[in-house]
Amino acid sequence: MAAETRTSTVHTAHTAHTAPDSTFWSDADRHLVRYGGGFTREIIERAAGSFVYTADGREILDFTSGQMSAILGHSHPAIVETVQRQVATLDHLYSGMLSRPVVDLARRLAETLPAPLDKALLLTTGAESNEAAIRMAKLVTGKHEIVSFARSWHGMTQAAASATYSTGRKGYGPSAPGNFAIPVPNPYRPDYTTPDGELDWRRQLDFAFDLIDAQSTGSLAACLVEPILSSGGVIEPPPGYFAALQRKCRERGMLLILDEAQTGLCRTGTWYAFERDGVVPDILTLSKTLGAGLPLAAVLTSAEIEQEAYDRGFLFFTTHVSDPLVAAVGNTVLDVLTKDRLDERARRLGTFLRTGLADMATRHEVIGDIRGRGLLAGLELVVDRETKRSSDKLGAQVTRRCLELGLHMNIVQLPGMGGVFRIAPPLTATEDELALGLSILDTAIGEVSAKL
């Protein structure tokens, strides 16, 4: 009898998708684990292109591309067709088996990258790809210490979380030993300055590695950093920084790992953000944008590093490594990016977006800084432009008002940075859609700042 009751309950829950909103939220509050702040109090029924649609019929412009991932927009026809076709033929395999989509994607990714990045490992999430990269670096170098930026975000699994400093470190006990943070070169809020008040990133970097050398036990394995810190507030280190950072790594026998979860595959106006700096990492990690919203990630490295890792018994055998379904999606993503020249489109639309934000700044004193590249833009709100004093309350209120007006925004709120909007619309967005988002944001900032 108990089993019959349970079955009935499950069936009711499965078919009750038309239940009133109050029932939905009651069930959500009762049964869901809260994993990062509160849930947006909207029931999302479907998504298409640059918009998501709620159960009560509201249309919301998505300025975050889902979780910064849906670079082709929601439900892109080519992605839909690929998923339908591939899931009906070959979706998942024993992890030691290979399929054509997997080998094709590995080859094609290598073709988009400079030498010697020609070996790929296909995984599921950004955290997993960073976990594998760190594991590989430790094994190949025979060392264990990892250096990252102080406002970094690399994931929530053990090694990735230990290299994450923007949030989530307190209350979980010891992190992996040998993790060190270096200061972020932030031109808007410089800690080391030249005589004219500009960021002196060279002196900052020298000081950072003086501290690393003092703390290291002589076992520095790798430096894991983002070319543009996204969760850290869309902070872009100045030109020349990464070349200098790579030299610091070479001097110490460290590998340079670049995490391009959010910047890779055309979002910044080039296929990879590191292209601007003339450096080639020892290991590159991709995720979010590679699957265009589906769980797909990759680790790319040289044949030399891969051979050394293999010879030492590299092990990263997971349930969904080399899955054919998402690999097929990855191939379709590359097809669309290439055919539609979305790197060029991101540059053009990025200029349009940046011009609109700059125009907005002439009307609103609370806009302190505009930064980023391509279709990854950061807008920092301040209470006072002279002192750059921030306000958590201001950012939260603008975010809330944007949603009420039909625009979904993501705001980074970190100590010392009251509110930085991460603006990352799909690369397929139109100028009209960007103009709509800018108009709503303009209205929201104006309404909220008028009450200060």
# chains A, B, ... in the order shown; residues from 1 in each chain; ligands from 1
>>> residues_around(residues="Phe317 of chain A", least_positions_apart="6", cutoff="12 Å", atoms="only C-alpha atoms", output="MDAnalysis selection string")
chainID A and resid 94:97 121:123 128 132
>>> write_last_selection(atoms="all heavy atoms", output="compact mmCIF listing (two decimals), in the first residue's frame")
# COMPACT_ATOMS: atom_id res chain seq x y z
N TYR A 94 30.24 3.84 -22.77
CA TYR A 94 31.28 3.50 -21.81
C TYR A 94 32.44 4.47 -22.03
O TYR A 94 32.82 4.77 -23.18
CB TYR A 94 31.73 2.06 -22.03
CG TYR A 94 32.97 1.67 -21.23
CD1 TYR A 94 32.92 1.53 -19.85
CD2 TYR A 94 34.18 1.45 -21.89
CE1 TYR A 94 34.05 1.18 -19.14
CE2 TYR A 94 35.32 1.10 -21.17
CZ TYR A 94 35.25 0.96 -19.79
OH TYR A 94 36.37 0.63 -19.09
N SER A 95 33.00 4.99 -20.95
CA SER A 95 33.95 6.10 -21.05
C SER A 95 35.23 5.76 -21.81
O SER A 95 35.95 6.66 -22.24
CB SER A 95 34.30 6.61 -19.64
OG SER A 95 33.15 7.14 -19.01
N GLY A 96 35.52 4.50 -21.99
CA GLY A 96 36.71 4.12 -22.75
C GLY A 96 36.46 3.94 -24.23
O GLY A 96 37.39 3.66 -24.99
N MET A 97 35.19 4.12 -24.64
CA MET A 97 34.85 4.00 -26.06
C MET A 97 34.86 5.37 -26.72
O MET A 97 34.61 6.38 -26.07
CB MET A 97 33.47 3.35 -26.23
CG MET A 97 33.42 1.89 -25.86
SD MET A 97 31.75 1.22 -26.12
CE MET A 97 32.05 -0.51 -25.84
N LEU A 121 40.71 16.91 -24.04
CA LEU A 121 39.96 16.02 -23.16
C LEU A 121 38.58 16.64 -23.01
O LEU A 121 38.45 17.79 -22.57
CB LEU A 121 40.65 15.92 -21.79
CG LEU A 121 39.91 15.20 -20.66
CD1 LEU A 121 39.73 13.72 -20.99
CD2 LEU A 121 40.68 15.36 -19.34
N LEU A 122 37.51 15.90 -23.36
CA LEU A 122 36.16 16.43 -23.36
C LEU A 122 35.42 16.01 -22.09
O LEU A 122 35.27 14.80 -21.82
CB LEU A 122 35.39 15.97 -24.60
CG LEU A 122 36.02 16.36 -25.94
CD1 LEU A 122 35.12 15.91 -27.09
CD2 LEU A 122 36.26 17.86 -26.02
N LEU A 123 34.94 17.01 -21.35
CA LEU A 123 34.30 16.77 -20.06
C LEU A 123 32.95 17.48 -20.02
O LEU A 123 32.34 17.70 -21.07
CB LEU A 123 35.23 17.24 -18.94
CG LEU A 123 36.59 16.52 -18.89
CD1 LEU A 123 37.59 17.26 -18.02
CD2 LEU A 123 36.41 15.08 -18.41
N GLU A 128 34.95 20.88 -13.60
CA GLU A 128 35.58 19.60 -13.94
C GLU A 128 36.80 19.80 -14.84
O GLU A 128 37.83 19.14 -14.65
CB GLU A 128 34.55 18.69 -14.62
CG GLU A 128 35.02 17.25 -14.74
CD GLU A 128 33.97 16.36 -15.37
OE1 GLU A 128 33.30 16.81 -16.32
OE2 GLU A 128 33.84 15.20 -14.92
N ALA A 132 40.61 18.80 -13.85
CA ALA A 132 41.48 17.95 -14.67
C ALA A 132 42.78 18.66 -15.02
O ALA A 132 43.86 18.06 -15.01
CB ALA A 132 40.75 17.55 -15.95
>>> residues_around(residues="Asp62 of chain A", least_positions_apart="5", cutoff="8 Å", atoms="only C-alpha atoms", output="NGL selection string")
:A and (50-52 or 407-409 or 425)
>>> closest_residue(among="A:Pro190, A:Gly218, A:Gly126, A:Gly57", to="Ala298 of chain A", atoms="only C-alpha atoms")
A:Gly126
>>> select_by_dssp(residues="segment 16-243 of chain A", states="alpha helix (DSSP H)", output="ChimeraX atom specification")
/A:21-31,65-68,77-87,100-111,126-141,158-162,201-215,241-243
>>> closest_residue(among="A:Ile411, A:Val366, A:Cys402, A:Ile283", to="Leu452 of chain A", atoms="only C-alpha atoms")
A:Val366
>>> residues_around(residues="Arg371 of chain A", least_positions_apart="3", cutoff="9 Å", atoms="only C-alpha atoms", output="ChimeraX atom specification")
/A:234-236,354,376-380
>>> closest_residue(among="A:Glu404, A:Glu308, A:Asp369, A:Glu111", to="Ser390 of chain A", atoms="only C-alpha atoms")
A:Asp369
